[in-house]
file protein10.csv (CSV, C-alpha atoms (C1' of nucleotides))
chain,number,residue,atom,x,y,z
A,1,MET,CA,-13.4,-4.5,2.8
A,2,SER,CA,-13.6,-7.9,4.5
A,3,ASP,CA,-13.3,-6.4,7.9
A,4,ILE,CA,-16.0,-3.8,7.2
A,5,ALA,CA,-18.4,-6.4,5.8
A,6,LYS,CA,-17.8,-8.5,8.9
A,7,GLN,CA,-18.5,-5.6,11.2
A,8,ALA,CA,-21.6,-4.7,9.2
A,9,GLY,CA,-22.8,-8.3,9.4
A,10,ILE,CA,-23.1,-8.8,5.7
A,11,SER,CA,-21.0,-10.6,3.1
A,12,ARG,CA,-18.0,-9.0,1.4
A,13,GLN,CA,-19.9,-9.2,-1.9
A,14,ALA,CA,-23.0,-7.5,-0.5
A,15,LEU,CA,-20.7,-4.6,0.4
A,16,TYR,CA,-19.4,-4.5,-3.1
A,17,LEU,CA,-23.0,-4.3,-4.3
A,18,HIS,CA,-23.5,-1.0,-2.4
A,19,PHE,CA,-20.0,0.4,-2.9
A,20,PRO,CA,-18.2,-0.7,-6.1
A,21,THR,CA,-14.8,0.2,-4.8
A,22,ARG,CA,-13.1,1.0,-1.6
A,23,ALA,CA,-12.8,4.6,-2.6
A,24,ASP,CA,-16.5,4.8,-3.2
A,25,LEU,CA,-17.2,3.5,0.3
A,26,LEU,CA,-14.8,6.0,1.9
A,27,ILE,CA,-16.2,8.9,0.0
A,28,ALA,CA,-19.7,7.9,0.9
A,29,THR,CA,-18.6,7.6,4.5
A,30,THR,CA,-17.3,11.2,4.6
A,31,ARG,CA,-20.4,12.5,3.0
A,32,HIS,CA,-22.5,10.7,5.5
A,33,LEU,CA,-20.4,11.9,8.3
A,34,ASP,CA,-20.7,15.5,7.0
A,35,GLU,CA,-24.5,15.1,7.3
A,36,VAL,CA,-24.6,13.4,10.6
A,37,LYS,CA,-22.0,15.8,12.1
A,38,GLU,CA,-23.6,18.8,10.4
A,39,VAL,CA,-20.4,20.3,9.1
A,40,ASP,CA,-22.3,23.0,7.3
A,41,THR,CA,-23.9,24.3,10.5
A,42,ARG,CA,-20.5,24.3,12.2
A,43,LEU,CA,-18.7,26.1,9.5
A,44,ALA,CA,-21.6,28.5,9.0
A,45,ALA,CA,-21.2,29.9,12.6
A,46,SER,CA,-18.1,31.8,11.5
A,47,ARG,CA,-20.1,33.5,8.8
A,48,ALA,CA,-22.0,35.6,11.3
A,49,ALA,CA,-18.8,37.2,12.6
A,50,GLY,CA,-18.7,40.9,12.9
A,51,SER,CA,-15.0,41.3,12.1
A,52,GLY,CA,-12.4,39.5,10.0
A,53,ARG,CA,-10.4,38.6,13.1
A,54,GLU,CA,-13.4,37.1,14.8
A,55,ARG,CA,-14.3,35.3,11.7
A,56,LEU,CA,-10.9,33.8,11.4
A,57,ALA,CA,-11.0,32.7,15.1
A,58,LEU,CA,-14.4,31.1,14.7
A,59,PHE,CA,-13.4,29.3,11.5
A,60,VAL,CA,-10.3,27.9,13.1
A,61,GLU,CA,-12.4,26.7,16.0
A,62,ALA,CA,-15.1,25.2,13.9
A,63,TRP,CA,-12.8,23.3,11.5
A,64,GLY,CA,-10.2,22.4,14.2
A,65,ASN,CA,-13.0,20.8,16.3
A,66,TYR,CA,-14.4,19.0,13.2
A,67,ILE,CA,-11.1,17.3,12.3
A,68,PRO,CA,-11.2,14.8,15.2
A,69,GLU,CA,-14.7,13.8,14.1
A,70,ILE,CA,-13.6,12.8,10.6
A,71,HIS,CA,-10.1,11.9,11.3
A,72,GLY,CA,-10.5,8.1,10.9
A,73,VAL,CA,-12.0,8.3,7.5
A,74,ALA,CA,-9.7,11.1,6.5
A,75,CYS,CA,-6.7,8.9,7.3
A,76,ALA,CA,-8.0,6.1,5.1
A,77,LEU,CA,-8.8,8.6,2.3
A,78,MET,CA,-5.4,10.3,2.5
A,79,ALA,CA,-3.6,6.9,2.6
A,80,MET,CA,-5.0,5.9,-0.7
A,81,GLN,CA,-4.5,9.2,-2.5
A,82,ASP,CA,-1.5,8.2,-4.5
A,83,SER,CA,-3.0,5.0,-5.7
A,84,ASP,CA,-6.5,6.2,-6.5
A,85,GLU,CA,-7.5,9.1,-8.6
A,86,GLU,CA,-11.1,9.1,-7.3
A,87,ALA,CA,-10.0,9.3,-3.7
A,88,ARG,CA,-7.6,12.1,-4.6
A,89,ASN,CA,-10.3,14.1,-6.2
A,90,ALA,CA,-12.7,13.5,-3.3
A,91,TRP,CA,-10.2,14.6,-0.8
A,92,ALA,CA,-9.1,17.6,-2.8
A,93,ASN,CA,-12.8,18.7,-3.0
A,94,ARG,CA,-13.2,18.6,0.7
A,95,MET,CA,-10.0,20.5,1.3
A,96,GLN,CA,-11.2,23.0,-1.3
A,97,ALA,CA,-14.2,23.6,0.8
A,98,VAL,CA,-12.0,24.3,3.9
A,99,ARG,CA,-9.9,26.6,1.7
A,100,GLU,CA,-12.9,28.6,0.8
A,101,GLY,CA,-13.6,29.1,4.5
A,102,CYS,CA,-10.1,30.4,5.0
A,103,GLU,CA,-10.4,32.7,2.0
A,104,ALA,CA,-13.6,34.2,3.3
A,105,ALA,CA,-11.9,35.1,6.6
A,106,VAL,CA,-8.9,36.4,4.7
A,107,GLU,CA,-11.1,38.6,2.5
A,108,MET,CA,-12.9,40.1,5.5
A,109,ILE,CA,-9.6,40.8,7.2
A,110,GLU,CA,-8.3,42.5,4.1
A,111,ASN,CA,-11.5,44.6,3.9
A,112,ASP,CA,-10.9,45.6,7.5
A,113,GLY,CA,-7.5,46.8,6.3
A,114,LEU,CA,-5.7,44.4,8.7
A,115,LEU,CA,-4.0,42.1,6.3
A,116,VAL,CA,-0.3,41.9,7.0
A,117,PRO,CA,1.7,44.0,4.4
A,118,GLY,CA,3.4,41.8,1.9
A,119,LEU,CA,0.7,39.2,1.8
A,120,ASN,CA,-2.0,39.1,-0.8
A,121,ARG,CA,-5.3,37.3,-0.5
A,122,LYS,CA,-4.0,34.1,-2.1
A,123,THR,CA,-0.8,33.9,-0.1
A,124,ALA,CA,-2.6,34.5,3.2
A,125,THR,CA,-5.2,31.9,2.3
A,126,ASP,CA,-2.5,29.4,1.5
A,127,LEU,CA,-0.9,30.0,4.9
A,128,ILE,CA,-4.1,29.6,6.9
A,129,TRP,CA,-5.1,26.6,4.9
A,130,THR,CA,-1.8,24.9,5.5
A,131,LEU,CA,-1.9,25.8,9.2
A,132,LEU,CA,-5.3,24.1,9.4
A,133,SER,CA,-4.3,20.9,7.6
A,134,VAL,CA,-5.3,17.5,9.1
A,135,ARG,CA,-1.6,16.6,9.1
A,136,ASN,CA,-0.8,19.5,11.5
A,137,TRP,CA,-3.6,18.4,13.7
A,138,GLU,CA,-2.3,14.9,13.7
A,139,GLN,CA,1.2,16.0,14.5
A,140,LEU,CA,0.3,18.3,17.4
A,141,ARG,CA,-2.4,16.1,18.9
A,142,GLN,CA,-0.9,12.7,18.4
A,143,ASP,CA,2.9,13.0,17.9
A,144,CYS,CA,3.2,15.9,20.4
A,145,GLY,CA,0.4,14.7,22.7
A,146,TRP,CA,-1.4,18.1,22.8
A,147,SER,CA,-4.9,18.4,24.1
A,148,GLN,CA,-7.6,19.5,21.7
A,149,ASP,CA,-8.0,22.8,23.6
A,150,ASP,CA,-4.2,23.5,23.3
A,151,TYR,CA,-4.3,22.7,19.6
A,152,ILE,CA,-7.2,25.1,19.0
A,153,ALA,CA,-5.6,27.9,21.1
A,154,ALA,CA,-2.2,27.6,19.4
A,155,THR,CA,-3.7,27.4,16.0
A,156,LYS,CA,-5.9,30.4,16.6
A,157,ARG,CA,-2.9,32.4,17.8
A,158,LEU,CA,-0.7,31.4,14.9
A,159,ALA,CA,-3.3,32.0,12.3
A,160,GLU,CA,-3.8,35.5,13.6
A,161,LEU,CA,-0.1,36.2,13.9
A,162,ALA,CA,0.4,34.9,10.4
A,163,ILE,CA,-2.0,37.2,8.6
A,164,VAL,CA,-3.4,40.0,10.8
A,165,THR,CA,-1.5,43.2,11.4
A,166,PRO,CA,-1.0,43.6,15.1
A,167,GLU,CA,-2.7,46.6,16.6
A,168,HIS,CA,0.3,48.9,16.6
B,1,MET,CA,10.6,-3.6,-6.2
B,2,SER,CA,10.3,-4.9,-9.7
B,3,ASP,CA,10.6,-1.4,-11.2
B,4,ILE,CA,13.6,-0.6,-9.0
B,5,ALA,CA,15.4,-3.8,-10.0
B,6,LYS,CA,14.7,-3.1,-13.6
B,7,GLN,CA,16.1,0.4,-13.3
B,8,ALA,CA,19.2,-1.0,-11.5
B,9,GLY,CA,19.7,-3.6,-14.3
B,10,ILE,CA,19.5,-6.5,-11.9
B,11,SER,CA,16.9,-9.2,-11.2
B,12,ARG,CA,14.2,-8.7,-8.6
B,13,GLN,CA,15.8,-11.4,-6.5
B,14,ALA,CA,19.2,-9.8,-6.5
B,15,LEU,CA,17.6,-6.7,-5.1
B,16,TYR,CA,16.1,-8.9,-2.3
B,17,LEU,CA,19.6,-10.2,-1.6
B,18,HIS,CA,20.7,-6.7,-0.8
B,19,PHE,CA,17.6,-5.4,0.9
B,20,PRO,CA,15.4,-8.1,2.5
B,21,THR,CA,12.3,-5.8,2.5
B,22,ARG,CA,11.0,-2.8,0.8
B,23,ALA,CA,11.3,-0.8,4.1
B,24,ASP,CA,15.0,-1.8,4.3
B,25,LEU,CA,15.7,-0.5,0.9
B,26,LEU,CA,14.0,2.8,1.6
B,27,ILE,CA,15.7,3.3,4.9
B,28,ALA,CA,19.1,2.5,3.3
B,29,THR,CA,18.2,5.0,0.6
B,30,THR,CA,17.6,7.8,3.1
B,31,ARG,CA,20.8,7.0,4.9
B,32,HIS,CA,22.7,7.1,1.6
B,33,LEU,CA,21.0,10.3,0.6
B,34,ASP,CA,22.0,11.8,4.0
B,35,GLU,CA,25.6,11.0,3.3
B,36,VAL,CA,25.6,12.2,-0.3
B,37,LYS,CA,23.7,15.3,0.5
B,38,GLU,CA,25.7,15.9,3.6
B,39,VAL,CA,22.8,16.6,5.8
B,40,ASP,CA,25.0,17.0,8.9
B,41,THR,CA,27.0,19.7,7.3
B,42,ARG,CA,23.9,21.6,6.3
B,43,LEU,CA,22.2,21.4,9.7
B,44,ALA,CA,25.5,22.1,11.5
B,45,ALA,CA,25.7,25.5,9.9
B,46,SER,CA,22.9,26.8,12.2
B,47,ARG,CA,25.0,25.7,15.2
B,48,ALA,CA,27.4,28.6,14.7
B,49,ALA,CA,24.7,31.2,15.1
B,50,GLY,CA,25.4,34.0,17.5
B,51,SER,CA,21.8,34.4,18.7
B,52,GLY,CA,18.7,32.3,19.1
B,53,ARG,CA,16.8,34.2,16.4
B,54,GLU,CA,19.6,33.7,14.0
B,55,ARG,CA,19.9,30.0,14.8
B,56,LEU,CA,16.2,29.5,14.2
B,57,ALA,CA,16.4,31.3,10.9
B,58,LEU,CA,19.4,29.3,9.8
B,59,PHE,CA,17.9,26.0,10.9
B,60,VAL,CA,14.6,26.7,9.0
B,61,GLU,CA,16.7,27.5,6.0
B,62,ALA,CA,18.9,24.4,6.2
B,63,TRP,CA,16.1,21.9,6.8
B,64,GLY,CA,13.6,23.7,4.5
B,65,ASN,CA,16.1,23.5,1.7
B,66,TYR,CA,16.9,19.9,2.5
B,67,ILE,CA,13.3,18.7,2.2
B,68,PRO,CA,13.2,18.8,-1.6
B,69,GLU,CA,16.3,16.7,-1.8
B,70,ILE,CA,14.8,13.8,0.2
B,71,HIS,CA,11.2,14.4,-0.7
B,72,GLY,CA,10.9,11.4,-3.1
B,73,VAL,CA,12.1,8.8,-0.6
B,74,ALA,CA,10.3,10.6,2.2
B,75,CYS,CA,7.0,10.2,0.3
B,76,ALA,CA,7.6,6.5,-0.1
B,77,LEU,CA,8.6,6.1,3.5
B,78,MET,CA,5.6,8.1,4.8
B,79,ALA,CA,3.3,6.2,2.6
B,80,MET,CA,4.2,2.8,4.2
B,81,GLN,CA,4.1,4.1,7.7
B,82,ASP,CA,0.8,2.5,8.8
B,83,SER,CA,1.6,-0.8,7.3
B,84,ASP,CA,5.2,-1.2,8.3
B,85,GLU,CA,6.6,-0.9,11.9
B,86,GLU,CA,10.2,-0.6,10.7
B,87,ALA,CA,9.4,2.2,8.3
B,88,ARG,CA,7.5,4.0,11.0
B,89,ASN,CA,10.5,3.8,13.4
B,90,ALA,CA,12.9,4.9,10.7
B,91,TRP,CA,10.9,7.9,9.8
B,92,ALA,CA,10.2,8.8,13.5
B,93,ASN,CA,14.0,8.7,14.0
B,94,ARG,CA,14.7,11.1,11.2
B,95,MET,CA,12.0,13.4,12.4
B,96,GLN,CA,13.4,13.2,15.9
B,97,ALA,CA,16.7,14.5,14.6
B,98,VAL,CA,14.9,17.5,13.1
B,99,ARG,CA,13.1,18.0,16.4
B,100,GLU,CA,16.4,18.2,18.2
B,101,GLY,CA,17.5,20.9,15.8
B,102,CYS,CA,14.3,22.8,16.6
B,103,GLU,CA,14.8,22.3,20.3
B,104,ALA,CA,18.4,23.7,20.2
B,105,ALA,CA,17.1,26.9,18.6
B,106,VAL,CA,14.3,27.2,21.1
B,107,GLU,CA,16.7,26.7,23.9
B,108,MET,CA,18.9,29.5,22.7
B,109,ILE,CA,16.0,31.8,22.2
B,110,GLU,CA,14.8,31.0,25.8
B,111,ASN,CA,18.3,31.8,27.1
B,112,ASP,CA,18.2,35.1,25.2
B,113,GLY,CA,15.0,35.8,27.2
B,114,LEU,CA,13.0,36.0,24.0
B,115,LEU,CA,10.7,33.1,24.2
B,116,VAL,CA,7.1,34.2,23.9
B,117,PRO,CA,5.4,34.2,27.4
B,118,GLY,CA,3.0,31.3,27.7
B,119,LEU,CA,5.2,28.9,25.8
B,120,ASN,CA,7.6,26.5,27.4
B,121,ARG,CA,10.5,24.8,25.7
B,122,LYS,CA,8.5,21.7,24.7
B,123,THR,CA,5.5,23.6,23.4
B,124,ALA,CA,7.7,26.0,21.4
B,125,THR,CA,9.6,23.1,19.9
B,126,ASP,CA,6.4,21.3,19.0
B,127,LEU,CA,5.2,24.3,17.1
B,128,ILE,CA,8.4,24.8,15.1
B,129,TRP,CA,8.7,21.1,14.5
B,130,THR,CA,5.2,21.0,13.1
B,131,LEU,CA,5.7,24.1,11.0
B,132,LEU,CA,8.7,22.5,9.5
B,133,SER,CA,7.0,19.2,8.6
B,134,VAL,CA,7.4,17.7,5.2
B,135,ARG,CA,3.6,17.8,4.8
B,136,ASN,CA,3.6,21.5,5.1
B,137,TRP,CA,6.3,21.8,2.6
B,138,GLU,CA,4.3,19.6,0.2
B,139,GLN,CA,1.2,21.6,0.7
B,140,LEU,CA,2.7,25.0,0.1
B,141,ARG,CA,5.1,24.1,-2.7
B,142,GLN,CA,2.9,21.6,-4.5
B,143,ASP,CA,-0.7,22.2,-3.7
B,144,CYS,CA,-0.3,26.0,-3.5
B,145,GLY,CA,2.4,26.3,-6.2
B,146,TRP,CA,4.8,28.3,-4.1
B,147,SER,CA,8.4,28.8,-5.0
B,148,GLN,CA,11.1,27.3,-2.7
B,149,ASP,CA,12.2,30.9,-1.8
B,150,ASP,CA,8.7,31.9,-0.8
B,151,TYR,CA,8.3,28.8,1.2
B,152,ILE,CA,11.5,29.5,3.1
B,153,ALA,CA,10.7,33.1,3.7
B,154,ALA,CA,7.2,32.5,4.9
B,155,THR,CA,8.3,29.6,7.2
B,156,LYS,CA,11.1,31.7,8.7
B,157,ARG,CA,8.7,34.5,9.3
B,158,LEU,CA,6.1,32.3,10.9
B,159,ALA,CA,8.6,30.4,13.0
B,160,GLU,CA,9.8,33.6,14.5
B,161,LEU,CA,6.3,35.0,15.0
B,162,ALA,CA,5.3,31.8,16.7
B,163,ILE,CA,7.9,31.7,19.4
B,164,VAL,CA,10.0,34.9,19.6
B,165,THR,CA,8.9,37.9,21.6
B,166,PRO,CA,8.8,40.9,19.3
B,167,GLU,CA,11.3,43.6,20.1
B,168,HIS,CA,9.3,45.8,22.6
C,1,DT,C1',44.8,-25.2,-13.7
C,2,DC,C1',41.0,-26.0,-11.1
C,3,DC,C1',38.3,-25.6,-6.8
C,4,DG,C1',35.2,-23.0,-4.2
C,5,DC,C1',32.6,-19.3,-3.2
C,6,DA,C1',29.9,-15.2,-3.7
C,7,DA,C1',26.9,-12.8,-6.6
C,8,DC,C1',23.7,-13.3,-9.5
C,9,DT,C1',19.9,-15.5,-12.6
C,10,DT,C1',15.5,-18.0,-13.8
C,11,DG,C1',11.3,-19.6,-12.5
C,12,DA,C1',8.4,-21.2,-9.4
C,13,DC,C1',5.2,-20.5,-5.3
C,14,DA,C1',2.6,-18.5,-1.0
C,15,DC,C1',0.0,-14.8,0.8
C,16,DC,C1',-2.9,-10.9,1.0
C,17,DG,C1',-6.1,-7.4,-0.6
C,18,DT,C1',-9.1,-5.6,-4.3
C,19,DG,C1',-12.3,-6.4,-7.5
C,20,DT,C1',-15.2,-9.7,-10.6
C,21,DC,C1',-18.3,-13.4,-11.9
C,22,DA,C1',-21.7,-17.1,-11.6
C,23,DA,C1',-25.2,-19.6,-9.5
C,24,DG,C1',-28.1,-20.3,-5.8
C,25,DT,C1',-31.2,-18.6,-1.7
C,26,DT,C1',-34.5,-15.7,0.7
C,27,DG,C1',-38.3,-12.8,1.5
C,28,DA,C1',-41.5,-9.2,0.4
C,29,DC,C1',-44.9,-7.6,-2.5
C,30,DA,C1',-48.1,-7.6,-6.6
D,1,DT,C1',-47.9,-18.1,-6.9
D,2,DG,C1',-44.5,-15.7,-9.6
D,3,DT,C1',-41.1,-12.1,-9.8
D,4,DC,C1',-37.6,-9.3,-8.3
D,5,DA,C1',-34.2,-7.3,-5.5
D,6,DA,C1',-31.0,-8.1,-1.9
D,7,DC,C1',-28.2,-11.2,-0.4
D,8,DT,C1',-25.2,-15.5,0.0
D,9,DT,C1',-21.4,-18.9,-1.2
D,10,DG,C1',-17.6,-19.9,-3.6
D,11,DA,C1',-14.7,-19.4,-7.2
D,12,DC,C1',-11.2,-16.7,-9.8
D,13,DA,C1',-7.9,-12.9,-11.8
D,14,DC,C1',-4.5,-9.6,-10.8
D,15,DG,C1',-0.7,-7.1,-8.7
D,16,DG,C1',2.6,-6.6,-5.2
D,17,DT,C1',5.7,-8.5,-1.5
D,18,DG,C1',8.4,-11.9,0.0
D,19,DT,C1',10.4,-16.9,-0.2
D,20,DC,C1',12.6,-20.9,-2.1
D,21,DA,C1',15.3,-24.0,-5.0
D,22,DA,C1',18.3,-24.9,-8.6
D,23,DG,C1',21.4,-23.4,-11.9
D,24,DT,C1',25.1,-20.0,-13.9
D,25,DT,C1',29.1,-17.0,-13.9
D,26,DG,C1',33.3,-15.1,-12.8
D,27,DC,C1',37.1,-14.2,-9.8
D,28,DG,C1',40.8,-15.2,-6.5
D,29,DG,C1',43.6,-18.5,-4.0
D,30,DA,C1',45.8,-23.2,-3.4

call {"tool": "encode", "arguments": {"input": "protein10.csv", "output": "structure tokens"}}
result
Amino acid sequence: MSDIAKQAGISRQALYLHFPTRADLLIATTRHLDEVKEVDTRLAASRAAGSGRERLALFVEAWGNYIPEIHGVACALMAMQDSDEEARNAWANRMQAVREGCEAAVEMIENDGLLVPGLNRKTATDLIWTLLSVRNWEQLRQDCGWSQDDYIAATKRLAELAIVTPEH
Amino acid sequence: MSDIAKQAGISRQALYLHFPTRADLLIATTRHLDEVKEVDTRLAASRAAGSGRERLALFVEAWGNYIPEIHGVACALMAMQDSDEEARNAWANRMQAVREGCEAAVEMIENDGLLVPGLNRKTATDLIWTLLSVRNWEQLRQDCGWSQDDYIAATKRLAELAIVTPEH
DNA sequence: TCCGCAACTTGACACCGTGTCAAGTTGACA
DNA sequence: TGTCAACTTGACACGGTGTCAAGTTGCGGA
């Protein structure tokens, strides 16, 4: 909080006047980032897809390319999850939104009759949602040194393999 | 540290006599857990596999079933990664060991001529390693409410899909 | 039997970060 | 000119980690 106030050119206390707690500040930051980066527009693109497979690919691309934009604040928010209830809820909410995007793609694939046998809608959504986690992005991009393009390509491929029946 | 000392029935200072820092304690705990839970024996099982595919499956099973055993201390260690250099290194080392297990399976699959075209040894290892992360286990088992068996089965399937060429 | 030592205890303190409080300053606007 | 909101300075509480000093206890060897 001190550092942020310093960067903002105001006193620490002025910062507390605007954001009562650290969690409040981080949550407000994500919301602001969502507006500035137009997350809705990005994620909406996949909604226009003509097929389930296409929708899945577009969604992976949209979210996967959004992660780096919010990664800084996401880190901070994730780090304080086990100490702060409010932060936990805020992060859970955001992840829920991603999950709904996954579910929409899964549903379309199911309607196309292409959902892998043995998976139901929830299981498939869980898989895609997990595949698309910020942690996986971190691990591949940072720990493994992958490029963003490689990350997107591999994630797209894996997502499709995971839940779409291959064309015989 | 207070709580742990209390649980151990010694004073906080006695605890500091044994473990100079919190990171030291957690690291020693993982090491001790590794001994008690015989991590080597578990992971070694996959080494006897006759094929790459079998080795991959056995490794996923061994590590996947080991995660719940160490999850508590793993949480604590992961949580202090960005504040403590020593903790970061300790965790990185452990993950490196897992990575080597992944790599061994990948190598065997490659030698069997079954590595998916377009993947090299490093890329394939990165994928399996990421798939097997503790975070993914957490998300599927805790956030999604999966059973351990379901987690193992799905991870095995995905690992194979990710890097093994399907039989013609 | 007693010395010495290692393990431990109690109780204090420093430091850092979050969050709170009180009192004073500044500047815009009615 | 008075008021009010935004801000400042400076203090403090609290919890957690880590440190320090001085005292206690019990065991094994001379």

call {"tool": "interface_residues", "arguments": {"input": "protein10.csv", "of": "chain B", "to": "chain C", "cutoff": "9 Å", "atoms": "all atoms listed in the file", "output": "ChimeraX atom specification"}}
result
/B:10-11,13-14

call {"tool": "residues_near_point", "arguments": {"input": "protein10.csv", "point": "(-4.2, 38.4, 11.6)", "cutoff": "8 Å", "atoms": "all atoms listed in the file", "output": "MDAnalysis selection string"}}
result
chainID A and resid 53 109 114:116 159:166

call {"tool": "interface_residues", "arguments": {"input": "protein10.csv", "of": "chain B", "to": "chain A", "cutoff": "9 Å", "atoms": "all atoms listed in the file", "output": "list in words"}}
result
Ala79, Met80, Asp82, Lys122, Thr123, Asp126, Leu127, Thr130, Leu131, Ser133, Arg135, Asn136, Gln139, Leu140, Cys144, Trp146, Ala154, Arg157, Leu158, Leu161 and Ala162 of chain B

call {"tool": "atom_distance", "arguments": {"input": "protein10.csv", "atom1": "CA of Gln96 in chain A", "atom2": "CA of Ile27 in chain A"}}
result
15.0 Å

call {"tool": "residues_around", "arguments": {"input": "protein10.csv", "residues": "Arg121 in chain A", "least_positions_apart": "4", "cutoff": "8 Å", "atoms": "all atoms listed in the file", "output": "list of chain:residue names"}}
result
A:Glu103, A:Val106, A:Glu107, A:Glu110, A:Thr125

call {"tool": "axis_aligned_box", "arguments": {"input": "protein10.csv", "around": "range 33-44 of chain B", "padding_each_side": "4 Å", "output": "lines of an AutoDock Vina configuration file"}}
result
center_x = 24.0
center_y = 16.2
center_z = 5.6
size_x = 14.0
size_y = 19.8
size_z = 19.8

call {"tool": "build_atoms", "arguments": {"input": "protein10.csv", "residues": "range 80-101 of chain B", "atoms": "N, CA and C atoms", "output": "compact mmCIF listing (two decimals), in the frame of the given file"}}
result
# COMPACT_ATOMS: atom_id res chain seq x y z
N MET B 80 4.25 4.18 3.63
CA MET B 80 4.20 2.80 4.20
C MET B 80 4.21 2.81 5.70
N GLN B 81 3.99 3.99 6.30
CA GLN B 81 4.10 4.10 7.70
C GLN B 81 3.07 3.27 8.51
N ASP B 82 1.85 3.24 8.01
CA ASP B 82 0.80 2.50 8.80
C ASP B 82 0.78 1.05 8.52
N SER B 83 1.57 0.61 7.55
CA SER B 83 1.60 -0.80 7.30
C SER B 83 2.88 -1.45 7.81
N ASP B 84 3.91 -0.64 8.01
CA ASP B 84 5.20 -1.20 8.30
C ASP B 84 5.86 -0.56 9.56
N GLU B 85 5.98 -1.34 10.59
CA GLU B 85 6.60 -0.90 11.90
C GLU B 85 7.98 -0.30 11.66
N GLU B 86 8.78 -1.03 10.90
CA GLU B 86 10.20 -0.60 10.70
C GLU B 86 10.26 0.72 10.00
N ALA B 87 9.42 0.91 9.00
CA ALA B 87 9.40 2.20 8.30
C ALA B 87 8.96 3.30 9.23
N ARG B 88 8.00 2.99 10.07
CA ARG B 88 7.50 4.00 11.00
C ARG B 88 8.63 4.43 11.94
N ASN B 89 9.37 3.48 12.47
CA ASN B 89 10.50 3.80 13.40
C ASN B 89 11.56 4.62 12.64
N ALA B 90 11.88 4.19 11.44
CA ALA B 90 12.90 4.90 10.70
C ALA B 90 12.55 6.34 10.47
N TRP B 91 11.31 6.57 10.08
CA TRP B 91 10.90 7.90 9.80
C TRP B 91 10.80 8.74 11.13
N ALA B 92 10.31 8.10 12.17
CA ALA B 92 10.20 8.80 13.50
C ALA B 92 11.64 9.20 13.92
N ASN B 93 12.63 8.36 13.69
CA ASN B 93 14.00 8.70 14.00
C ASN B 93 14.49 9.94 13.31
N ARG B 94 14.26 9.95 12.03
CA ARG B 94 14.70 11.10 11.20
C ARG B 94 14.01 12.36 11.73
N MET B 95 12.74 12.25 12.00
CA MET B 95 12.00 13.40 12.40
C MET B 95 12.47 13.86 13.83
N GLN B 96 12.89 12.89 14.62
CA GLN B 96 13.40 13.20 15.90
C GLN B 96 14.68 14.07 15.80
N ALA B 97 15.48 13.76 14.81
CA ALA B 97 16.70 14.50 14.60
C ALA B 97 16.35 15.98 14.24
N VAL B 98 15.35 16.16 13.41
CA VAL B 98 14.90 17.50 13.10
C VAL B 98 14.40 18.21 14.33
N ARG B 99 13.66 17.45 15.12
CA ARG B 99 13.10 18.00 16.40
C ARG B 99 14.21 18.53 17.26
N GLU B 100 15.30 17.79 17.31
CA GLU B 100 16.40 18.20 18.20
C GLU B 100 17.00 19.54 17.67
N GLY B 101 17.04 19.67 16.36
CA GLY B 101 17.50 20.90 15.80
C GLY B 101 16.58 22.08 16.21
